[in-house]
>>> print(open('structure-v9.cif').read())   # mmCIF, C-alpha atoms
data_structure
loop_
_atom_site.label_atom_id
_atom_site.label_comp_id
_atom_site.auth_asym_id
_atom_site.auth_seq_id
_atom_site.Cartn_x
_atom_site.Cartn_y
_atom_site.Cartn_z
CA MET A 161 -47.35 49.37 45.50
CA ARG A 162 -44.88 46.67 44.47
CA GLY A 163 -45.53 42.93 44.63
CA PRO A 164 -43.94 40.52 47.09
CA PRO A 165 -40.15 40.30 47.09
CA CYS A 166 -38.47 37.94 44.66
CA PRO A 167 -37.47 34.57 46.20
CA CYS A 168 -33.83 35.49 45.56
CA ALA A 169 -33.92 39.28 45.29
CA SER A 170 -30.37 39.72 46.55
CA ALA A 171 -28.80 37.66 43.73
CA PRO A 172 -26.56 39.57 41.28
CA ARG A 173 -27.23 39.74 37.56
CA ARG A 174 -25.38 37.33 35.31
CA ALA A 175 -22.46 38.91 33.42
CA ALA A 176 -23.13 37.35 30.00
CA ARG A 177 -26.39 36.31 28.42
CA GLY A 178 -26.83 32.75 27.16
CA PRO A 179 -28.86 31.41 24.25
CA ARG A 180 -32.59 32.09 24.06
CA LEU A 181 -34.76 28.98 24.14
CA GLY A 182 -32.79 26.73 21.83
CA ALA A 183 -31.58 29.56 19.57
CA LYS A 184 -27.87 28.72 19.82
CA PRO A 185 -26.80 26.39 16.99
CA GLY A 186 -25.78 22.94 18.11
CA ARG A 187 -27.42 23.31 21.52
CA GLY A 188 -31.03 22.41 20.96
CA PRO A 189 -33.48 21.57 23.70
CA ALA A 190 -32.71 18.89 26.23
CA ALA A 191 -33.44 15.43 24.94
CA ALA A 192 -35.52 12.95 26.89
CA GLY A 193 -32.39 11.12 28.06
CA ASP A 194 -30.51 14.24 29.18
CA GLU A 195 -29.85 14.27 32.90
CA VAL A 196 -31.10 17.46 34.50
CA THR A 197 -30.25 17.93 38.14
CA ASP A 198 -30.36 20.68 40.68
CA ALA A 199 -26.72 20.17 41.62
CA GLY A 200 -25.81 23.72 40.59
CA PRO A 201 -24.41 25.44 37.53
CA VAL A 202 -22.43 23.47 34.97
CA GLU A 203 -19.18 25.02 33.82
CA ASP A 204 -19.09 25.86 30.11
CA GLU A 205 -15.59 26.04 28.68
CA ASN A 206 -16.84 28.39 25.92
CA ALA A 207 -18.41 30.87 28.36
CA PRO A 208 -16.67 34.21 28.85
CA PRO A 209 -14.79 34.53 32.15
CA ARG A 210 -16.74 36.05 34.98
CA PRO A 211 -15.53 39.45 36.15
CA ALA A 212 -13.18 39.47 39.13
CA GLY A 213 -14.02 41.35 42.24
CA ARG A 214 -16.42 41.10 45.12
CA ARG A 215 -18.71 38.10 44.83
CA ARG A 216 -22.10 37.87 46.43
CA SER A 217 -23.76 34.55 47.06
CA VAL A 218 -26.39 33.58 44.52
CA ALA A 219 -29.41 32.06 46.19
CA ALA A 220 -31.77 29.82 44.26
CA PRO A 221 -35.48 30.38 44.75
CA ALA A 222 -37.12 28.57 47.65
CA PRO A 223 -37.98 24.97 46.69
CA LEU A 224 -41.76 25.50 46.55
CA GLY A 225 -44.40 28.16 46.73
CA ASP A 226 -47.79 29.54 45.78
CA LEU A 227 -48.46 31.38 42.51
CA SER A 228 -50.81 33.76 44.32
CA THR A 229 -47.78 35.30 46.04
CA THR A 230 -45.02 34.77 43.46
CA ARG A 231 -45.61 35.34 39.74
CA VAL A 232 -44.15 33.05 37.08
CA ALA A 233 -42.11 35.87 35.52
CA ARG A 234 -40.48 36.55 38.88
CA LEU A 235 -39.64 32.83 39.25
CA LEU A 236 -38.03 32.79 35.81
CA VAL A 237 -35.89 35.82 36.66
CA ALA A 238 -34.89 34.20 39.96
CA CYS A 239 -33.91 30.96 38.18
CA TYR A 240 -31.91 32.93 35.60
CA THR A 241 -30.16 35.06 38.20
CA ALA A 242 -29.31 32.07 40.40
CA GLN A 243 -28.10 30.05 37.37
CA VAL A 244 -30.46 27.19 38.26
CA THR A 245 -29.95 23.86 36.55
CA GLY A 246 -32.97 21.68 37.13
CA ALA A 247 -36.73 21.56 36.80
CA LEU A 248 -39.44 24.02 37.78
CA THR A 249 -42.91 22.48 38.02
CA LEU A 250 -45.92 24.78 37.75
CA GLN A 251 -49.40 23.44 38.49
CA ARG A 252 -52.80 25.10 38.34
CA GLY A 253 -55.62 22.68 39.02
CA ALA A 254 -55.20 19.70 36.69
CA VAL A 255 -52.86 21.62 34.34
CA LYS A 256 -49.17 20.89 34.92
CA ARG A 257 -46.17 22.45 33.18
CA LEU A 258 -42.55 21.38 33.59
CA LEU A 259 -39.75 23.83 32.69
CA LEU A 260 -36.18 22.55 32.47
CA PHE A 261 -33.29 24.94 33.02
CA ARG A 262 -29.58 24.71 32.30
CA GLN A 263 -27.54 27.46 33.97
CA GLY A 264 -30.66 29.59 34.34
CA ILE A 265 -31.75 29.29 30.70
CA PRO A 266 -35.00 27.47 29.89
CA VAL A 267 -34.00 24.63 27.55
CA PHE A 268 -37.19 22.60 27.43
CA ALA A 269 -40.81 22.68 28.58
CA SER A 270 -43.59 20.14 28.64
CA SER A 271 -47.26 20.16 29.48
CA ASN A 272 -49.94 17.62 30.22
CA LEU A 273 -52.36 19.32 27.80
CA ALA A 274 -52.75 17.67 24.39
CA ALA A 275 -52.89 21.09 22.69
CA ASP A 276 -49.34 21.82 23.92
CA ARG A 277 -47.82 18.66 22.46
CA PHE A 278 -45.36 18.72 19.57
CA GLY A 279 -47.70 16.88 17.21
CA ALA A 280 -50.47 19.40 17.77
CA LEU A 281 -48.03 22.25 17.08
CA CYS A 282 -46.94 20.55 13.84
CA VAL A 283 -50.57 20.34 12.72
CA ARG A 284 -51.11 24.03 13.52
CA ARG A 285 -47.96 24.96 11.56
CA GLY A 286 -48.89 22.84 8.53
CA VAL A 287 -46.10 20.27 8.85
CA LEU A 288 -48.75 17.54 8.62
CA THR A 289 -52.52 17.25 8.71
CA GLN A 290 -54.51 16.00 11.68
CA ALA A 291 -55.34 12.83 9.71
CA GLN A 292 -51.61 12.24 9.03
CA ARG A 293 -50.83 12.80 12.69
CA GLU A 294 -53.48 10.33 13.82
CA ALA A 295 -52.24 7.73 11.32
CA LEU A 296 -48.66 8.27 12.50
CA MET A 297 -49.65 7.80 16.14
CA ARG A 298 -51.61 4.61 15.32
CA GLU A 299 -48.60 3.29 13.42
CA LEU A 300 -46.03 4.13 16.10
CA GLY A 301 -48.03 3.90 19.33
CA PRO A 302 -48.64 6.41 22.11
CA GLU A 303 -45.08 6.29 23.51
CA ALA A 304 -43.44 7.29 20.20
CA ARG A 305 -41.58 10.59 19.92
CA THR A 306 -43.40 12.60 17.24
CA ALA A 307 -40.38 14.68 16.20
CA GLU A 308 -38.20 11.61 15.69
CA ALA A 309 -40.92 9.90 13.64
CA LEU A 310 -41.37 12.98 11.45
CA LEU A 311 -37.61 13.19 10.90
CA ARG A 312 -37.40 9.51 9.91
CA LYS A 313 -40.30 9.89 7.48
CA GLY A 314 -38.74 12.97 5.88
CA LEU A 315 -41.66 15.23 6.86
CA LEU A 316 -39.45 17.44 9.01
CA THR A 317 -35.84 18.65 8.79
CA GLU A 318 -33.60 18.86 11.85
CA ARG A 319 -33.47 22.65 11.54
CA ARG A 320 -37.26 22.95 11.40
CA ARG A 321 -37.55 20.57 14.38
CA VAL A 322 -35.30 22.85 16.45
CA GLU A 323 -37.36 25.89 15.41
CA LEU A 324 -40.65 24.17 16.29
CA VAL A 325 -39.39 22.88 19.65
CA ALA A 326 -38.18 26.38 20.53
CA GLU A 327 -41.62 27.72 19.58
CA GLN A 328 -43.27 25.02 21.69
CA VAL A 329 -41.09 25.86 24.70
CA ARG A 330 -41.81 29.60 24.37
CA SER A 331 -45.52 28.93 24.00
CA ILE A 332 -45.69 26.74 27.10
CA ILE A 333 -43.72 29.24 29.17
CA TRP A 334 -45.69 32.29 27.98
CA SER A 335 -48.98 30.51 28.68
CA THR A 336 -48.12 30.40 32.39
CA PHE A 337 -47.54 34.15 32.78
CA PRO A 338 -51.19 35.00 33.52
CA TRP A 339 -51.46 32.29 36.22
CA ARG A 340 -52.41 33.86 39.54
CA GLU A 341 -53.30 30.66 41.36
CA GLY A 342 -51.63 27.31 41.70
CA ALA A 343 -48.31 26.08 43.02
CA TRP A 344 -44.70 25.82 41.94
CA ARG A 345 -41.87 23.48 42.93
CA LEU A 346 -38.19 23.73 42.10
#
>>> encode(input="structure-v9.cif", output="structure tokens")
Amino acid sequence: MRGPPCPCASAPRRAARGPRLGAKPGRGPAAAGDEVTDAGPVEDENAPPRPAGRRRSVAAPAPLGDLSTTRVARLLVACYTAQVTGALTLQRGAVKRLLLFRQGIPVFASSNLAADRFGALCVRRGVLTQAQREALMRELGPEARTAEALLRKGLLTERRRVELVAEQVRSIIWSTFPWREGAWRL
């Protein structure tokens, strides 16, 4: 028996695939100041032309729902198919994850768990020690951007930052796949 229908099951597949989680050079994850709206797809002058012919309407997923009836993977496919530009919030109890999309591609993700933060990832990957991280946070304060501080101090290159942010985004997204309870909002 198959699961419940996708929130936008009638939407056509996209003709060309975009970058995978920050993998395209020069188009890293969305920065804190980037405006992300749900106003619809943004035209990309470098994108290949869409095929001519019969066009079906592309419906975005419903604006909110329950994870007991719609799985995260299905939501991601729906956002991709509908070329969503905006934010998808997933919440299970006190745990909250925010996924940002640009034309259906996840470009950034954040979490309210300390273990999902960039600094914690850098410690796990050996960029700096936990003691160095704590000293850096005391020096800069809680509102400081860890990646920017590591770049300024020469502890991280721009290329490595992009790689680590892409890993962080993938990790946050993958961690939501087993969720079978909670809510989502687009």
>>> atom_distance(input="structure-v9.cif", atom1="atom CA of Ala326 of chain A", atom2="atom CA of Pro223 of chain A")
26.2 Å
>>> atom_distance(input="structure-v9.cif", atom1="atom CA of Trp344 of chain A", atom2="atom CA of Ser271 of chain A")
13.9 Å
>>> closest_residue(input="structure-v9.cif", among="A:Ala275, A:Leu227, A:Ile265, A:Leu281", to="Tyr240 of chain A", atoms="all atoms listed in the file")
A:Ile265
>>> closest_residue(input="structure-v9.cif", among="A:Ala304, A:Ala222, A:Ala269, A:Leu315", to="Leu288 of chain A", atoms="only C-alpha atoms")
A:Leu315
>>> resolve_selection(input="structure-v9.cif", expression="the PyMOL selection byres ((chain A and resi 343) around 10)", output="list in words")
Leu224, Gly225, Asp226, Leu227, Ser228, Thr229, Thr230, Thr249, Leu250, Gln251, Arg252, Gly253, Lys256, Trp339, Arg340, Glu341, Gly342, Trp344 and Arg345 of chain A
>>> write_last_selection(input="structure-v9.cif", atoms="C-alpha atoms", output="mmCIF file, in the coordinates of the input")
data_model
loop_
_atom_site.group_PDB
_atom_site.id
_atom_site.type_symbol
_atom_site.label_atom_id
_atom_site.label_comp_id
_atom_site.auth_asym_id
_atom_site.auth_seq_id
_atom_site.Cartn_x
_atom_site.Cartn_y
_atom_site.Cartn_z
ATOM 1 C CA LEU A 224 -41.760 25.500 46.550
ATOM 2 C CA GLY A 225 -44.400 28.160 46.730
ATOM 3 C CA ASP A 226 -47.790 29.540 45.780
ATOM 4 C CA LEU A 227 -48.460 31.380 42.510
ATOM 5 C CA SER A 228 -50.810 33.760 44.320
ATOM 6 C CA THR A 229 -47.780 35.300 46.040
ATOM 7 C CA THR A 230 -45.020 34.770 43.460
ATOM 8 C CA THR A 249 -42.910 22.480 38.020
ATOM 9 C CA LEU A 250 -45.920 24.780 37.750
ATOM 10 C CA GLN A 251 -49.400 23.440 38.490
ATOM 11 C CA ARG A 252 -52.800 25.100 38.340
ATOM 12 C CA GLY A 253 -55.620 22.680 39.020
ATOM 13 C CA LYS A 256 -49.170 20.890 34.920
ATOM 14 C CA TRP A 339 -51.460 32.290 36.220
ATOM 15 C CA ARG A 340 -52.410 33.860 39.540
ATOM 16 C CA GLU A 341 -53.300 30.660 41.360
ATOM 17 C CA GLY A 342 -51.630 27.310 41.700
ATOM 18 C CA TRP A 344 -44.700 25.820 41.940
ATOM 19 C CA ARG A 345 -41.870 23.480 42.930
#
>>> atom_distance(input="structure-v9.cif", atom1="atom CA of Asp276 of chain A", atom2="atom CA of Gln243 of chain A")
26.5 Å
